[in-house]
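The structure file start-v9.cif is reproduced below (mmCIF, C-alpha atoms).
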```
data_input
#
loop_
_atom_site.label_atom_id
_atom_site.label_comp_id
_atom_site.auth_asym_id
_atom_site.auth_seq_id
_atom_site.Cartn_x
_atom_site.Cartn_y
_atom_site.Cartn_z
CA MET P 634 56.63 73.62 98.46
CA THR P 635 59.71 75.56 97.42
CA VAL P 636 59.91 79.28 97.98
CA PRO P 637 60.66 80.97 94.66
CA ARG P 638 63.97 82.79 94.61
CA ALA P 639 63.00 85.79 92.58
CA LEU P 640 64.03 89.40 92.15
CA GLU P 641 61.64 91.98 90.72
CA PHE P 642 63.39 94.50 88.50
CA TRP P 643 61.29 97.64 88.00
CA PHE P 644 62.69 99.84 85.26
CA ASP P 645 61.96 102.58 82.72
CA PHE P 646 63.54 102.41 79.27
CA ALA P 647 64.42 106.11 79.51
CA SER P 648 66.37 105.67 82.75
CA PRO P 649 70.17 105.57 82.40
CA TYR P 650 70.73 103.71 85.65
CA SER P 651 68.11 101.17 84.56
CA TYR P 652 70.31 100.55 81.53
CA LEU P 653 73.19 99.59 83.82
CA SER P 654 71.02 97.11 85.72
CA ALA P 655 69.37 95.72 82.61
CA MET P 656 72.75 94.82 81.16
CA ARG P 657 74.03 93.25 84.40
CA ILE P 658 71.07 91.55 86.03
CA ASP P 659 70.59 88.30 84.10
CA LYS P 660 74.21 87.19 84.40
CA LEU P 661 74.19 87.91 88.14
CA ALA P 662 70.86 86.14 88.54
CA GLU P 663 72.07 83.08 86.70
CA ALA P 664 75.12 82.83 88.92
CA GLU P 665 72.88 83.08 92.00
CA GLY P 666 70.13 80.78 90.71
CA VAL P 667 67.57 83.56 90.98
CA ALA P 668 64.70 84.34 88.60
CA VAL P 669 64.40 87.91 87.36
CA LEU P 670 60.93 89.37 86.90
CA TRP P 671 61.19 92.28 84.46
CA ARG P 672 58.74 95.00 85.47
CA PRO P 673 58.60 97.84 82.93
CA PHE P 674 56.76 100.95 84.10
CA LEU P 675 56.66 104.65 83.32
CA LEU P 676 58.38 107.16 85.58
CA GLY P 677 56.57 110.07 83.91
CA PRO P 678 53.30 109.78 85.87
CA ILE P 679 55.24 109.34 89.12
CA PHE P 680 57.27 112.48 88.44
CA LYS P 681 54.05 114.27 87.50
CA SER P 682 52.52 113.37 90.88
CA LEU P 683 55.50 115.16 92.48
CA GLY P 684 54.77 118.24 90.40
CA TRP P 685 57.59 117.65 87.90
CA ASP P 686 57.01 117.77 84.16
CA THR P 687 60.20 115.88 83.29
CA SER P 688 63.13 113.99 84.81
CA PRO P 689 64.94 115.45 87.85
CA PHE P 690 68.10 115.09 85.75
CA VAL P 691 66.66 117.77 83.49
CA LEU P 692 65.04 119.88 86.22
CA GLN P 693 68.21 119.94 88.35
CA LYS P 694 70.97 121.08 86.04
CA GLU P 695 73.92 120.17 88.27
CA LYS P 696 72.48 116.78 89.14
CA GLY P 697 71.96 116.08 85.45
CA ALA P 698 75.49 117.16 84.54
CA HIS P 699 76.94 114.83 87.15
CA MET P 700 74.73 111.94 85.99
CA TRP P 701 76.11 112.04 82.44
CA VAL P 702 79.70 112.05 83.70
CA ASP P 703 78.87 109.31 86.17
CA MET P 704 77.15 107.15 83.54
CA ALA P 705 80.22 107.24 81.31
CA ARG P 706 82.37 106.24 84.29
CA GLN P 707 80.00 103.47 85.42
CA CYS P 708 79.87 102.01 81.91
CA ARG P 709 83.65 101.95 81.80
CA LYS P 710 83.68 100.23 85.19
CA TYR P 711 81.17 97.57 84.10
CA GLY P 712 82.62 97.18 80.61
CA LEU P 713 79.42 98.35 78.92
CA GLU P 714 79.10 100.29 75.70
CA TRP P 715 77.78 103.81 76.14
CA SER P 716 76.76 106.77 74.08
CA ARG P 717 74.86 109.65 75.61
CA PRO P 718 71.40 109.77 74.01
CA SER P 719 70.69 112.94 72.07
CA ALA P 720 67.12 112.94 73.44
CA PHE P 721 66.44 112.60 77.17
CA PRO P 722 64.26 111.35 78.70
CA ARG P 723 63.29 109.29 75.69
CA ARG P 724 59.66 108.24 75.36
CA GLY P 725 59.40 104.43 75.43
CA ILE P 726 55.73 103.55 75.73
CA LEU P 727 55.58 101.02 72.89
CA PRO P 728 58.60 98.97 74.02
CA SER P 729 57.28 99.11 77.62
CA ARG P 730 53.99 97.57 76.47
CA VAL P 731 55.87 94.86 74.58
CA ALA P 732 58.14 94.19 77.57
CA LEU P 733 55.09 93.87 79.81
CA LEU P 734 53.63 91.20 77.52
CA LEU P 735 56.95 89.37 77.32
CA ASP P 736 57.41 89.46 81.11
CA GLU P 737 54.19 87.41 81.40
CA THR P 738 55.95 84.54 79.66
CA GLY P 739 59.36 85.12 81.25
CA ARG P 740 60.99 86.21 77.99
CA ALA P 741 61.48 89.94 78.59
CA GLY P 742 65.21 90.10 79.31
CA PRO P 743 66.81 89.73 75.88
CA PHE P 744 64.28 92.08 74.25
CA CYS P 745 64.73 94.71 76.96
CA ARG P 746 68.48 94.65 76.54
CA GLN P 747 68.03 95.23 72.80
CA VAL P 748 65.84 98.28 73.50
CA MET P 749 68.28 99.61 76.08
CA ARG P 750 71.05 99.22 73.51
CA LEU P 751 69.04 101.16 70.94
CA ASN P 752 68.62 104.02 73.42
CA PHE P 753 71.98 104.11 75.22
CA VAL P 754 74.40 102.78 72.62
CA GLU P 755 72.85 103.49 69.22
CA ASP P 756 71.02 106.71 70.16
CA ARG P 757 67.84 105.63 68.37
CA ASP P 758 64.22 106.59 68.88
CA ILE P 759 62.79 103.62 70.83
CA ASP P 760 59.11 104.56 70.71
CA ASP P 761 59.09 103.71 67.03
CA THR P 762 57.45 100.64 65.52
CA ALA P 763 60.37 99.85 63.21
CA ALA P 764 62.88 100.07 66.06
CA VAL P 765 60.79 97.83 68.31
CA ALA P 766 60.29 95.36 65.44
CA GLU P 767 64.05 95.30 64.94
CA ALA P 768 64.62 94.62 68.64
CA LEU P 769 62.09 91.78 68.58
CA ALA P 770 63.60 90.28 65.44
CA ALA P 771 67.05 90.38 67.00
CA VAL P 772 65.83 88.06 69.76
CA GLU P 773 63.76 85.93 67.40
CA ILE P 774 60.31 86.97 68.53
CA PRO P 775 57.72 87.46 65.73
CA ALA P 776 57.41 91.22 65.62
CA ASP P 777 54.09 91.82 63.87
CA ALA P 778 51.94 89.81 66.26
CA MET P 779 53.68 91.26 69.30
CA ILE P 780 53.34 94.85 68.13
CA ALA P 781 49.68 94.29 67.33
CA ALA P 782 49.14 92.88 70.84
CA ALA P 783 50.98 95.85 72.33
CA GLY P 784 48.51 98.19 70.65
CA LEU P 785 45.41 96.57 72.18
CA GLU P 786 43.43 98.60 74.69
CA GLU P 787 43.92 95.76 77.16
CA THR P 788 47.71 96.10 76.96
CA LYS P 789 47.56 99.86 77.31
CA SER P 790 45.49 99.43 80.48
CA LYS P 791 47.96 96.89 81.79
CA LEU P 792 50.86 99.34 81.50
CA ARG P 793 48.84 102.02 83.27
CA ALA P 794 47.98 99.52 86.02
CA GLN P 795 51.64 98.53 86.27
CA THR P 796 52.65 102.15 86.83
CA ASP P 797 49.86 102.53 89.40
CA LEU P 798 51.17 99.43 91.16
CA ALA P 799 54.68 100.90 91.21
CA THR P 800 53.30 104.05 92.82
CA ALA P 801 51.30 102.04 95.35
CA ARG P 802 54.41 100.09 96.33
CA GLY P 803 56.39 103.26 96.95
CA VAL P 804 58.52 103.28 93.81
CA PHE P 805 59.89 106.80 93.23
CA GLY P 806 62.71 106.17 90.77
CA ALA P 807 64.33 103.54 88.59
CA PRO P 808 65.71 101.01 88.73
CA THR P 809 63.96 99.66 91.82
CA PHE P 810 64.29 96.07 93.00
CA PHE P 811 61.97 94.09 95.23
CA VAL P 812 62.81 90.97 97.17
CA GLY P 813 59.39 90.09 98.49
CA PRO P 814 58.24 93.32 100.14
CA GLU P 815 61.78 94.68 100.59
CA MET P 816 62.55 97.57 98.25
CA PHE P 817 65.99 98.58 96.97
CA TRP P 818 66.41 101.71 94.90
CA GLY P 819 69.13 102.22 92.34
CA ASN P 820 71.64 100.22 90.32
CA ASP P 821 74.02 100.66 93.26
CA ARG P 822 71.74 98.40 95.34
CA LEU P 823 71.55 95.50 92.87
CA LEU P 824 74.08 93.37 94.73
CA ASP P 825 72.42 94.20 98.07
CA ALA P 826 69.12 93.00 96.61
CA PHE P 827 70.66 89.71 95.53
CA ALA P 828 72.26 89.36 98.96
CA ALA P 829 68.82 89.76 100.55
CA ILE P 830 67.59 86.61 98.77
CA ALA P 831 68.46 83.84 101.19
CA MET Z 215 107.75 117.92 92.85
CA THR Z 216 105.29 115.29 94.03
CA VAL Z 217 101.65 115.49 93.10
CA PRO Z 218 99.55 115.39 96.26
CA ARG Z 219 97.33 112.35 96.49
CA ALA Z 220 94.28 113.92 98.06
CA LEU Z 221 90.55 113.38 98.17
CA GLU Z 222 88.18 116.22 99.00
CA PHE Z 223 85.23 115.07 101.08
CA TRP Z 224 82.36 117.56 100.99
CA PHE Z 225 79.72 116.79 103.59
CA ASP Z 226 76.86 118.14 105.68
CA PHE Z 227 76.46 116.97 109.27
CA ALA Z 228 72.71 116.51 108.70
CA SER Z 229 73.22 114.15 105.76
CA PRO Z 230 72.78 110.44 106.53
CA TYR Z 231 74.88 109.27 103.58
CA SER Z 232 77.61 111.69 104.68
CA TYR Z 233 77.62 109.80 107.99
CA LEU Z 234 78.43 106.56 106.14
CA SER Z 235 81.35 108.18 104.33
CA ALA Z 236 82.63 110.02 107.39
CA MET Z 237 82.92 106.74 109.29
CA ARG Z 238 84.65 104.92 106.42
CA ILE Z 239 86.87 107.43 104.68
CA ASP Z 240 89.92 107.77 106.93
CA LYS Z 241 90.57 104.01 107.13
CA LEU Z 242 90.26 103.67 103.36
CA ALA Z 243 92.48 106.70 102.83
CA GLU Z 244 95.15 105.36 105.14
CA ALA Z 245 95.22 102.05 103.30
CA GLU Z 246 95.60 103.92 100.00
CA GLY Z 247 98.10 106.50 101.26
CA VAL Z 248 95.74 109.34 100.38
CA ALA Z 249 95.10 112.55 102.33
CA VAL Z 250 91.48 113.42 103.11
CA LEU Z 251 90.45 117.06 103.01
CA TRP Z 252 87.30 117.46 105.10
CA ARG Z 253 85.04 120.07 103.52
CA PRO Z 254 82.00 120.86 105.67
CA PHE Z 255 79.30 122.89 103.96
CA LEU Z 256 75.58 123.53 104.29
CA LEU Z 257 73.11 121.87 101.94
CA GLY Z 258 70.31 124.20 103.06
CA PRO Z 259 71.24 127.16 100.82
CA ILE Z 260 71.75 124.79 97.87
CA PHE Z 261 68.30 123.25 98.39
CA LYS Z 262 66.87 126.75 98.75
CA SER Z 263 68.31 127.74 95.37
CA LEU Z 264 66.32 124.83 93.89
CA GLY Z 265 63.16 126.16 95.51
CA TRP Z 266 63.11 123.62 98.34
CA ASP Z 267 62.69 124.65 101.96
CA THR Z 268 64.04 121.39 103.37
CA SER Z 269 65.67 118.08 102.40
CA PRO Z 270 64.31 116.13 99.42
CA PHE Z 271 64.02 113.21 101.87
CA VAL Z 272 61.33 115.21 103.62
CA LEU Z 273 59.76 116.74 100.52
CA GLN Z 274 59.50 113.38 98.73
CA LYS Z 275 57.76 111.07 101.18
CA GLU Z 276 58.51 107.79 99.38
CA LYS Z 277 62.13 108.70 98.79
CA GLY Z 278 62.50 109.56 102.45
CA ALA Z 279 60.87 106.31 103.59
CA HIS Z 280 63.26 104.31 101.43
CA MET Z 281 66.27 106.27 102.70
CA TRP Z 282 65.62 105.34 106.33
CA VAL Z 283 65.26 101.65 105.46
CA ASP Z 284 68.35 101.85 103.26
CA MET Z 285 70.42 103.60 105.92
CA ALA Z 286 69.68 100.83 108.45
CA ARG Z 287 70.70 98.25 105.84
CA GLN Z 288 73.86 100.13 104.82
CA CYS Z 289 74.96 100.50 108.44
CA ARG Z 290 74.51 96.75 108.96
CA LYS Z 291 76.55 96.15 105.82
CA TYR Z 292 79.39 98.43 106.93
CA GLY Z 293 79.23 97.35 110.60
CA LEU Z 294 78.32 100.86 111.78
CA GLU Z 295 76.11 101.79 114.69
CA TRP Z 296 72.87 103.47 113.71
CA SER Z 297 69.86 105.07 115.29
CA ARG Z 298 67.43 107.11 113.23
CA PRO Z 299 67.61 110.73 114.44
CA SER Z 300 64.37 112.04 115.90
CA ALA Z 301 65.00 115.39 114.18
CA PHE Z 302 65.81 115.58 110.47
CA PRO Z 303 67.49 117.39 108.87
CA ARG Z 304 69.34 118.46 111.97
CA ARG Z 305 70.82 121.94 112.05
CA GLY Z 306 74.61 121.75 112.39
CA ILE Z 307 75.99 125.22 111.82
CA LEU Z 308 78.22 125.41 114.92
CA PRO Z 309 79.95 122.05 114.34
CA SER Z 310 80.37 122.95 110.65
CA ARG Z 311 82.21 126.13 111.62
CA VAL Z 312 84.42 124.17 114.00
CA ALA Z 313 85.10 121.50 111.37
CA LEU Z 314 86.04 124.21 108.89
CA LEU Z 315 88.64 125.61 111.30
CA LEU Z 316 89.99 122.13 112.06
CA ASP Z 317 90.24 121.25 108.36
CA GLU Z 318 92.70 124.13 107.97
CA THR Z 319 95.12 122.25 110.21
CA GLY Z 320 94.26 118.76 108.94
CA ARG Z 321 92.63 117.68 112.19
CA ALA Z 322 88.96 117.60 111.22
CA GLY Z 323 88.37 113.84 110.87
CA PRO Z 324 88.16 112.64 114.49
CA PHE Z 325 86.01 115.61 115.55
CA CYS Z 326 83.64 115.16 112.61
CA ARG Z 327 83.17 111.49 113.42
CA GLN Z 328 82.25 112.45 116.98
CA VAL Z 329 79.63 114.90 115.72
CA MET Z 330 78.25 112.34 113.26
CA ARG Z 331 78.00 109.86 116.13
CA LEU Z 332 76.08 112.39 118.24
CA ASN Z 333 73.58 112.84 115.41
CA PHE Z 334 73.24 109.35 113.97
CA VAL Z 335 73.95 107.11 116.94
CA GLU Z 336 73.10 109.11 120.06
CA ASP Z 337 70.29 111.21 118.57
CA ARG Z 338 71.57 114.41 120.12
CA ASP Z 339 71.18 118.04 119.13
CA ILE Z 340 74.48 118.85 117.39
CA ASP Z 341 74.03 122.61 117.02
CA ASP Z 342 74.48 122.96 120.75
CA THR Z 343 77.57 124.40 122.43
CA ALA Z 344 77.72 121.70 125.12
CA ALA Z 345 77.47 118.91 122.53
CA VAL Z 346 80.20 120.44 120.36
CA ALA Z 347 82.39 120.96 123.44
CA GLU Z 348 81.91 117.31 124.32
CA ALA Z 349 82.89 116.22 120.81
CA LEU Z 350 86.01 118.40 120.94
CA ALA Z 351 86.96 117.11 124.39
CA ALA Z 352 86.57 113.52 123.18
CA VAL Z 353 89.30 114.12 120.61
CA GLU Z 354 91.43 116.20 122.96
CA ILE Z 355 90.99 119.58 121.37
CA PRO Z 356 90.55 122.52 123.80
CA ALA Z 357 86.87 123.29 123.44
CA ASP Z 358 86.53 126.85 124.73
CA ALA Z 359 89.06 128.45 122.40
CA MET Z 360 87.71 126.54 119.41
CA ILE Z 361 84.10 127.43 120.10
CA ALA Z 362 85.06 131.08 120.57
CA ALA Z 363 86.88 131.03 117.22
CA ALA Z 364 83.86 129.38 115.59
CA GLY Z 365 81.71 132.30 116.71
CA LEU Z 366 83.87 134.97 115.06
CA GLU Z 367 82.40 136.87 112.14
CA GLU Z 368 85.38 135.77 110.08
CA THR Z 369 84.53 132.09 110.63
CA LYS Z 370 80.86 132.65 109.83
CA SER Z 371 81.91 134.27 106.54
CA LYS Z 372 84.21 131.37 105.81
CA LEU Z 373 81.39 128.84 106.11
CA ARG Z 374 79.20 130.94 103.83
CA ALA Z 375 82.06 131.16 101.32
CA GLN Z 376 82.58 127.40 101.58
CA THR Z 377 78.94 126.76 100.70
CA ASP Z 378 79.20 129.25 97.82
CA LEU Z 379 82.26 127.39 96.59
CA ALA Z 380 80.36 124.08 96.74
CA THR Z 381 77.60 125.64 94.63
CA ALA Z 382 80.11 127.07 92.17
CA ARG Z 383 81.73 123.66 91.75
CA GLY Z 384 78.40 122.01 90.96
CA VAL Z 385 77.77 120.28 94.29
CA PHE Z 386 74.06 119.43 94.58
CA GLY Z 387 74.06 116.87 97.40
CA ALA Z 388 76.21 115.20 100.02
CA PRO Z 389 78.53 113.51 100.33
CA THR Z 390 80.42 114.72 97.27
CA PHE Z 391 84.03 113.83 96.55
CA PHE Z 392 86.52 115.61 94.35
CA VAL Z 393 89.69 114.17 92.89
CA GLY Z 394 91.15 117.29 91.33
CA PRO Z 395 88.29 118.60 89.19
CA GLU Z 396 86.52 115.23 88.95
CA MET Z 397 83.34 115.10 91.01
CA PHE Z 398 81.75 112.00 92.52
CA TRP Z 399 78.39 112.20 94.24
CA GLY Z 400 77.27 109.88 96.99
CA ASN Z 401 78.69 107.40 99.48
CA ASP Z 402 78.25 104.75 96.76
CA ARG Z 403 81.00 106.47 94.76
CA LEU Z 404 83.61 106.62 97.51
CA LEU Z 405 85.58 103.65 96.19
CA ASP Z 406 85.32 104.98 92.63
CA ALA Z 407 86.78 108.27 93.86
CA PHE Z 408 89.72 106.48 95.49
CA ALA Z 409 90.20 104.45 92.31
CA ALA Z 410 90.44 107.70 90.34
CA ILE Z 411 93.52 108.74 92.33
CA ALA Z 412 96.37 107.25 90.36
#
```

In structure tokens, write the structure found in this file.
Amino acid sequence: MTVPRALEFWFDFASPYSYLSAMRIDKLAEAEGVAVLWRPFLLGPIFKSLGWDTSPFVLQKEKGAHMWVDMARQCRKYGLEWSRPSAFPRRGILPSRVALLLDETGRAGPFCRQVMRLNFVEDRDIDDTAAVAEALAAVEIPADAMIAAAGLEETKSKLRAQTDLATARGVFGAPTFFVGPEMFWGNDRLLDAFAAIA
Amino acid sequence: MTVPRALEFWFDFASPYSYLSAMRIDKLAEAEGVAVLWRPFLLGPIFKSLGWDTSPFVLQKEKGAHMWVDMARQCRKYGLEWSRPSAFPRRGILPSRVALLLDETGRAGPFCRQVMRLNFVEDRDIDDTAAVAEALAAVEIPADAMIAAAGLEETKSKLRAQTDLATARGVFGAPTFFVGPEMFWGNDRLLDAFAAIA
């Protein structure tokens, strides 16, 4: 029996630092021979449980101001396109449901990068059926069937359960990586997470 | 006229991630030919202004739990000694006043590393006259005169003004680095801050 070399990548489509990881992770994983499990979830309910009605980057003005400056710098460093979204945090429930379904068949990565691009490069509404259909089409996944499946009660429950699972595992922000039970928080820990797979 | 190549290092003696930077920064600075300006300040009043009565690592249980695991991992990565302090966040007003006085003459680094060691390796009370005297003696600075100067009303005011200045410049956590007006938050940005000096 071989032990699977896998990295769980828990992310929220609204999260800027999740964008950085989403754009970097598959190339790094390929070089390391590691499988990436894409785990979309919603930070909103986790923030709510802490008594916050929005992102700490909104609630803490100075922290938010630094984050936008830092994101521009990090994107330059990683060679990633970047445009500050005009809406933040952007609601992304529909693409999260789609990503959850795609993760079940190991095909989430390319779609998720398309959605991240829509949010953080093209400044588009990502909780919109047309935008999600466009992202699916771009990675050659039949959009209509997928969007219909995303709207099923079963899928909605799955996303709620996914967020509950994140909470139960101690996730408090995004991105968060797991190597087995070991948790790593933040894009700055992505290489540490890979290093922990041995 | 030469432009000074300097990095401002704003830190709090209670801050675990400030410990990581304090132990790394002088070696990195020497290699880069950069001067380090040690800027002790108190996070407490900044947290208070956000409505918090202690560190977010205490207020947010899951975030705190991750931080302790992460700190052990980061210290292994950097080859630093580490022992989780039994008190957190540890009050460090006296050593902050001393560090402030030493920074004025460019001699803060070795003393600050001693104090960080007392907190994060030896698990000692650092707001204690005997402990601060020991740290001063270890770096061959006459302790009695320095501790007397630290107790002057003028020095107390200076530390309050320093913390006000941090707030005015948008500091919301520690460590924070400045390269001119450019701010970098967190030990994970230390190399980025050095890279910005050009």

When the PyMOL selection byres ((chain Z) within 10 of (chain P)) is applied to the structure above, which residues does it catch, written out as an mmCIF file with C-alpha atoms, in the coordinates of the input?
```
data_model
loop_
_atom_site.group_PDB
_atom_site.id
_atom_site.type_symbol
_atom_site.label_atom_id
_atom_site.label_comp_id
_atom_site.auth_asym_id
_atom_site.auth_seq_id
_atom_site.Cartn_x
_atom_site.Cartn_y
_atom_site.Cartn_z
ATOM 1 C CA LEU Z 264 66.320 124.830 93.890
ATOM 2 C CA LEU Z 273 59.760 116.740 100.520
ATOM 3 C CA GLN Z 274 59.500 113.380 98.730
ATOM 4 C CA LYS Z 275 57.760 111.070 101.180
ATOM 5 C CA GLU Z 276 58.510 107.790 99.380
ATOM 6 C CA LYS Z 277 62.130 108.700 98.790
ATOM 7 C CA GLY Z 278 62.500 109.560 102.450
ATOM 8 C CA ALA Z 279 60.870 106.310 103.590
ATOM 9 C CA HIS Z 280 63.260 104.310 101.430
ATOM 10 C CA MET Z 281 66.270 106.270 102.700
ATOM 11 C CA VAL Z 283 65.260 101.650 105.460
ATOM 12 C CA ASP Z 284 68.350 101.850 103.260
ATOM 13 C CA ARG Z 287 70.700 98.250 105.840
ATOM 14 C CA GLN Z 288 73.860 100.130 104.820
ATOM 15 C CA LYS Z 291 76.550 96.150 105.820
ATOM 16 C CA THR Z 381 77.600 125.640 94.630
ATOM 17 C CA ARG Z 383 81.730 123.660 91.750
ATOM 18 C CA GLY Z 384 78.400 122.010 90.960
ATOM 19 C CA VAL Z 385 77.770 120.280 94.290
ATOM 20 C CA PHE Z 386 74.060 119.430 94.580
ATOM 21 C CA GLY Z 387 74.060 116.870 97.400
ATOM 22 C CA GLU Z 396 86.520 115.230 88.950
ATOM 23 C CA MET Z 397 83.340 115.100 91.010
ATOM 24 C CA PHE Z 398 81.750 112.000 92.520
ATOM 25 C CA TRP Z 399 78.390 112.200 94.240
ATOM 26 C CA ASP Z 402 78.250 104.750 96.760
ATOM 27 C CA ARG Z 403 81.000 106.470 94.760
ATOM 28 C CA ASP Z 406 85.320 104.980 92.630
#
```

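Note that the spacing between atom CA of Z:Asp341 and atom CA of Z:Ser235 amounts to 20.6 Å.
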
Run the PyMOL selection byres ((chain P and resi 727) around 10) mentally over the shown coordinates, then write out the matched residues as a PyMOL selection string, using the chain letters and numbers from the document. chain P and resi 724-726+728-733+759-762+765+780+783-784+789+792

If you measure from atom CA of P:Phe642 to atom CA of P:Ala826, what distance in Å do you get, rounded to one decimal? 10.0 Å

Check which residues satisfy the PyMOL selection byres ((chain P and resi 796) around 8) in the file shown, then give them as a ChimeraX atom specification. /P:674-676,678-679,792-795,797-800

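For the pair atom CA of P:Val812 and atom CA of P:Ile658, the separation is 13.9 Å.
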
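With all atoms listed in the file as the atoms that count, the residue of P:Ala771, P:Ala647, P:Val691, P:Leu785 with the shortest distance to P:Asn752 is P:Ala647.
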
Can you work out which one of P:Arg746, P:Lys681, P:Arg740, P:Arg723 has the shortest atom-to-atom distance to P:Ala668, counting all atoms listed in the file?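 Closest candidate: P:Arg740.
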
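Comparing Z:Asp337, Z:Leu404, Z:Pro395, Z:Asp267 by their smallest distance to Z:Asp240, the closest is Z:Leu404 (using only C-alpha atoms).
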
Provide an axis-aligned box for all listed atoms of stretch 382-400 of chain Z, padding each side by 8 Å; report its centre and its edge lengths in Å to one decimal, as lines of an AutoDock Vina configuration file.
```
center_x = 82.6
center_y = 118.5
center_z = 94.6
size_x = 33.1
size_y = 33.2
size_z = 27.4
```

Pick the closest to P:Arg750 from P:Ser688, P:Thr809, P:Ser716, P:Ser682: which is it, counting all atoms listed in the file? P:Ser716

Using all atoms listed in the file, which protein or nucleic acid residues come within 9 Å of Z:Gly394? Drop anything in the same chain fewer than 5 positions from it, and give the result as a ChimeraX atom specification. /Z:220-222,411
